[in-house]
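Please read the structure below before turning to the comments.
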Amino acid sequence: MIANCVETLRWADEIIVFDTGSSDRTLEIAERLGVKVHHAKGGNFSQWRNEASRLVTTDWLIYIDADERVTPALAKAITSKLHRSEYDAFTLARNNIHYGRWMQAGGWQNDRLLRVFKTKQLKGWQGEVHESAQIVGRIGSIEEPLVHLSHRNLYDGLHKSIEWTDTEARLLFKANHPRVGWLRLIKVVVFDFLKRVVWQSAWKDGQEGMIEAMVQSMNRFLVYARLWELQQKPPLETRYDRIEDQIQKLWQEK
């Protein structure tokens, strides 16, 4: 995705590709495109964004993920705001494309992100999963949308779900979340699905919207099922070790 992303940013004075451990040809392609490349190992989203901000030499900066695209209209809206602005940062509207369809319901229709900053006024990012920026000054808004080409297929989405839901579960476990029982597992799935389909009208986005609602509800289940797993005493690994030992003892006694 990196080449198409970079090509939508040629209007910027400086482009920095901040690679967080890719194993494909991302670095090779980025270097061929003639942009600055920085490679990081380990860390989380907030740490990566903080480290990236220290590489910026311009007065303003914008964060764009590899699966996001800036349109010519958005680039024009951003540059016009910066040249005569009383603000120190801007939120961007974002159009989310899931399974090839622009999501206009199901909770995705009002997606806004704080992504454009005066470099000196950005004090840092916090949070491991849903990171947030700490800004000093006034925040304005830009209505021309950023395009998010996400959830390109179910296979890739499930791989992403495993990673993200595990991180969320670990954060809940670290925060001493109450123990998870079977009733809570049912409630989180049913509530999330009803919220998206009934109250946020995911059905308006057709079959893609319903699939997305089901996947997101499944993700809530995975978060709490993983949390349940982390809460087990003894740990599941220990239980299996005990079963292995019992089987070995049966063979020794034979």
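In the structure tokens, the first chain shown is A, the next is B, and so on; residue numbers restart at 1 for each chain, and ligands run from 1 in the order shown.
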Closest atom pairs, range 63-170 of chain A residues within 9 Å of range 197-203 of chain A, only C-alpha atoms, as a Markdown table:
| residue | atom | partner | partner_atom | distance |
| --- | --- | --- | --- | --- |
| A:Met103 | CA | A:Ala202 | CA | 8.4 |
| A:Gln104 | CA | A:Ala202 | CA | 8.2 |
| A:Ala105 | CA | A:Ala202 | CA | 5.1 |
| A:Gly106 | CA | A:Ala202 | CA | 3.8 |
| A:Gly107 | CA | A:Gln200 | CA | 5.6 |
| A:Trp108 | CA | A:Gln200 | CA | 8.8 |
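For range 43-59 of chain A, the set of protein, DNA and RNA residues having any atom at most 10 Å away, when counting only C-alpha atoms and skipping those fewer than 6 positions along the same chain, is Ala12, Asp13, Glu14, Ile15, Ile16, Val17, Phe18, Asp19, Thr20, Lys36, Leu82, Phe117, Lys118, Thr119, Lys120, Gln121, Leu122, Lys123, Gly124, Trp125, Gln126, Gly127, Glu128, Val129, His130, Glu131, Ser132 and Ala133 of chain A.
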Expected file: the selected residues, C-alpha atoms, as a short mmCIF file (atom, residue, chain, number, x, y, z; two decimals), in the first residue's frame:
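The result, stored in selection.cif:
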data_model
loop_
_atom_site.label_atom_id
_atom_site.label_comp_id
_atom_site.auth_asym_id
_atom_site.auth_seq_id
_atom_site.Cartn_x
_atom_site.Cartn_y
_atom_site.Cartn_z
CA ALA A 12 3.94 18.09 1.34
CA ASP A 13 7.36 19.71 1.82
CA GLU A 14 8.69 16.54 3.43
CA ILE A 15 7.55 12.92 3.50
CA ILE A 16 8.80 10.50 6.17
CA VAL A 17 7.93 6.82 6.01
CA PHE A 18 8.04 5.47 9.53
CA ASP A 19 8.24 1.68 9.26
CA THR A 20 7.30 -0.32 12.37
CA LYS A 36 12.94 9.74 4.06
CA LEU A 82 -2.45 26.35 7.39
CA PHE A 117 -0.64 19.71 14.07
CA LYS A 118 1.68 22.62 14.53
CA THR A 119 4.78 20.58 15.26
CA LYS A 120 5.81 22.58 18.34
CA GLN A 121 2.31 22.43 19.85
CA LEU A 122 2.09 18.63 19.74
CA LYS A 123 3.20 17.44 23.16
CA GLY A 124 2.90 13.72 22.52
CA TRP A 125 0.64 10.70 22.14
CA GLN A 126 -0.79 8.40 24.82
CA GLY A 127 -2.48 4.98 24.74
CA GLU A 128 -1.51 1.61 23.29
CA VAL A 129 -4.49 0.82 21.05
CA HIS A 130 -6.70 3.90 20.69
CA GLU A 131 -3.92 6.43 20.99
CA SER A 132 -4.74 10.11 21.55
CA ALA A 133 -2.73 13.26 20.91
#
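Remark: for Thr8 in chain A, the closest of the candidate residues A:Val37, A:Asp88, A:His83, A:Val147 is A:Val147 (distances computed over only C-alpha atoms).
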task = Enumerate, as number ranges by chain, the complete set of residues in range 12-172 of chain A that a backbone-based DSSP assignment places in alpha helix (DSSP H).
result = A: 26-32, 45-53, 72-83, 154-172
Those residues you just picked out, can you put them in a file as a PDB file, in the first residue's frame with C-alpha atoms?
ATOM      1  CA  THR A  26       7.772  -1.561   2.151  1.00  0.00           C
ATOM      2  CA  LEU A  27      11.235  -0.156   2.941  1.00  0.00           C
ATOM      3  CA  GLU A  28      12.578  -0.950  -0.518  1.00  0.00           C
ATOM      4  CA  ILE A  29       9.622   0.726  -2.220  1.00  0.00           C
ATOM      5  CA  ALA A  30       9.756   3.765   0.052  1.00  0.00           C
ATOM      6  CA  GLU A  31      13.448   4.298  -0.604  1.00  0.00           C
ATOM      7  CA  ARG A  32      12.859   3.975  -4.350  1.00  0.00           C
ATOM      8  CA  PHE A  45       1.250   3.157  18.325  1.00  0.00           C
ATOM      9  CA  SER A  46       1.803   6.062  20.720  1.00  0.00           C
ATOM     10  CA  GLN A  47       5.538   5.428  20.921  1.00  0.00           C
ATOM     11  CA  TRP A  48       5.781   5.209  17.125  1.00  0.00           C
ATOM     12  CA  ARG A  49       3.886   8.461  16.622  1.00  0.00           C
ATOM     13  CA  ASN A  50       6.016  10.209  19.251  1.00  0.00           C
ATOM     14  CA  GLU A  51       9.230   8.980  17.687  1.00  0.00           C
ATOM     15  CA  ALA A  52       8.051  10.004  14.223  1.00  0.00           C
ATOM     16  CA  SER A  53       7.217  13.533  15.384  1.00  0.00           C
ATOM     17  CA  PRO A  72      -6.492  16.576  -4.061  1.00  0.00           C
ATOM     18  CA  ALA A  73      -9.478  18.328  -2.456  1.00  0.00           C
ATOM     19  CA  LEU A  74      -8.266  17.405   1.045  1.00  0.00           C
ATOM     20  CA  ALA A  75      -4.706  18.518   0.277  1.00  0.00           C
ATOM     21  CA  LYS A  76      -6.057  21.878  -0.902  1.00  0.00           C
ATOM     22  CA  ALA A  77      -8.260  22.224   2.195  1.00  0.00           C
ATOM     23  CA  ILE A  78      -5.313  21.493   4.506  1.00  0.00           C
ATOM     24  CA  THR A  79      -2.858  23.869   2.852  1.00  0.00           C
ATOM     25  CA  SER A  80      -5.421  26.685   2.690  1.00  0.00           C
ATOM     26  CA  LYS A  81      -6.117  26.313   6.425  1.00  0.00           C
ATOM     27  CA  LEU A  82      -2.452  26.351   7.392  1.00  0.00           C
ATOM     28  CA  HIS A  83      -1.633  29.528   5.510  1.00  0.00           C
ATOM     29  CA  LEU A 154     -12.004 -11.027   5.664  1.00  0.00           C
ATOM     30  CA  TYR A 155      -8.744 -13.019   5.811  1.00  0.00           C
ATOM     31  CA  ASP A 156      -6.583  -9.959   6.484  1.00  0.00           C
ATOM     32  CA  GLY A 157      -9.211  -8.566   8.826  1.00  0.00           C
ATOM     33  CA  LEU A 158      -9.139 -11.675  11.002  1.00  0.00           C
ATOM     34  CA  HIS A 159      -5.354 -11.519  11.280  1.00  0.00           C
ATOM     35  CA  LYS A 160      -5.691  -7.907  12.432  1.00  0.00           C
ATOM     36  CA  SER A 161      -8.442  -8.896  14.884  1.00  0.00           C
ATOM     37  CA  ILE A 162      -6.233 -11.471  16.593  1.00  0.00           C
ATOM     38  CA  GLU A 163      -3.504  -8.895  17.176  1.00  0.00           C
ATOM     39  CA  TRP A 164      -5.705  -6.016  18.301  1.00  0.00           C
ATOM     40  CA  THR A 165      -8.097  -7.994  20.489  1.00  0.00           C
ATOM     41  CA  ASP A 166      -5.166  -9.584  22.313  1.00  0.00           C
ATOM     42  CA  THR A 167      -3.717  -6.139  23.046  1.00  0.00           C
ATOM     43  CA  GLU A 168      -7.076  -4.860  24.320  1.00  0.00           C
ATOM     44  CA  ALA A 169      -7.521  -7.921  26.518  1.00  0.00           C
ATOM     45  CA  ARG A 170      -4.074  -7.484  28.042  1.00  0.00           C
ATOM     46  CA  LEU A 171      -4.832  -3.843  28.847  1.00  0.00           C
ATOM     47  CA  LEU A 172      -8.084  -4.848  30.569  1.00  0.00           C
TER      48      LEU A 172
END
key: Sel. of strand (DSSP E) residues, range 79-188 of chain A, as a ChimeraX atom specification   = /A:89-98,101-102,112-118,122-126,132-135,139-150
note = From the list A:Gln252, A:Asn176, A:Thr91, A:Ser22, the nearest residue to Gln231 in chain A using only C-alpha atoms is A:Asn176
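Near Asp111 in chain A, within a cut-off of 8 Å and counting only C-alpha atoms, sit the residues Ala93, Arg94 and Asn95 of chain A, with same-chain residues fewer than 5 positions away left out.
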Selection above as a file: N, CA and C atoms, as a PDB file, in the first residue's frame:
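result-v8.pdb, freshly written:
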ATOM      1  N   ALA A  93     -12.277  14.695   8.989  1.00  0.00           N
ATOM      2  CA  ALA A  93     -13.308  13.680   8.782  1.00  0.00           C
ATOM      3  C   ALA A  93     -12.660  12.518   8.041  1.00  0.00           C
ATOM      4  N   ARG A  94     -13.188  11.296   8.234  1.00  0.00           N
ATOM      5  CA  ARG A  94     -12.611  10.143   7.541  1.00  0.00           C
ATOM      6  C   ARG A  94     -13.712   9.251   6.995  1.00  0.00           C
ATOM      7  N   ASN A  95     -13.635   8.968   5.695  1.00  0.00           N
ATOM      8  CA  ASN A  95     -14.543   8.017   5.056  1.00  0.00           C
ATOM      9  C   ASN A  95     -13.916   6.628   5.094  1.00  0.00           C
TER      10      ASN A  95
END
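The coordinates place CA of Ser150 in chain A at 29.2 Å from CA of Lys174 in chain A.
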message = Please list as JSON, numbers by chain every residue within 8 Å of Phe221 in chain A, counting only C-alpha atoms and excluding residues in the same chain fewer than 5 positions away.
response = {"A": [185, 186, 188, 189]}
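The space separating CA of Arg115 in chain A from CA of Tyr63 in chain A comes to 5.5 Å.
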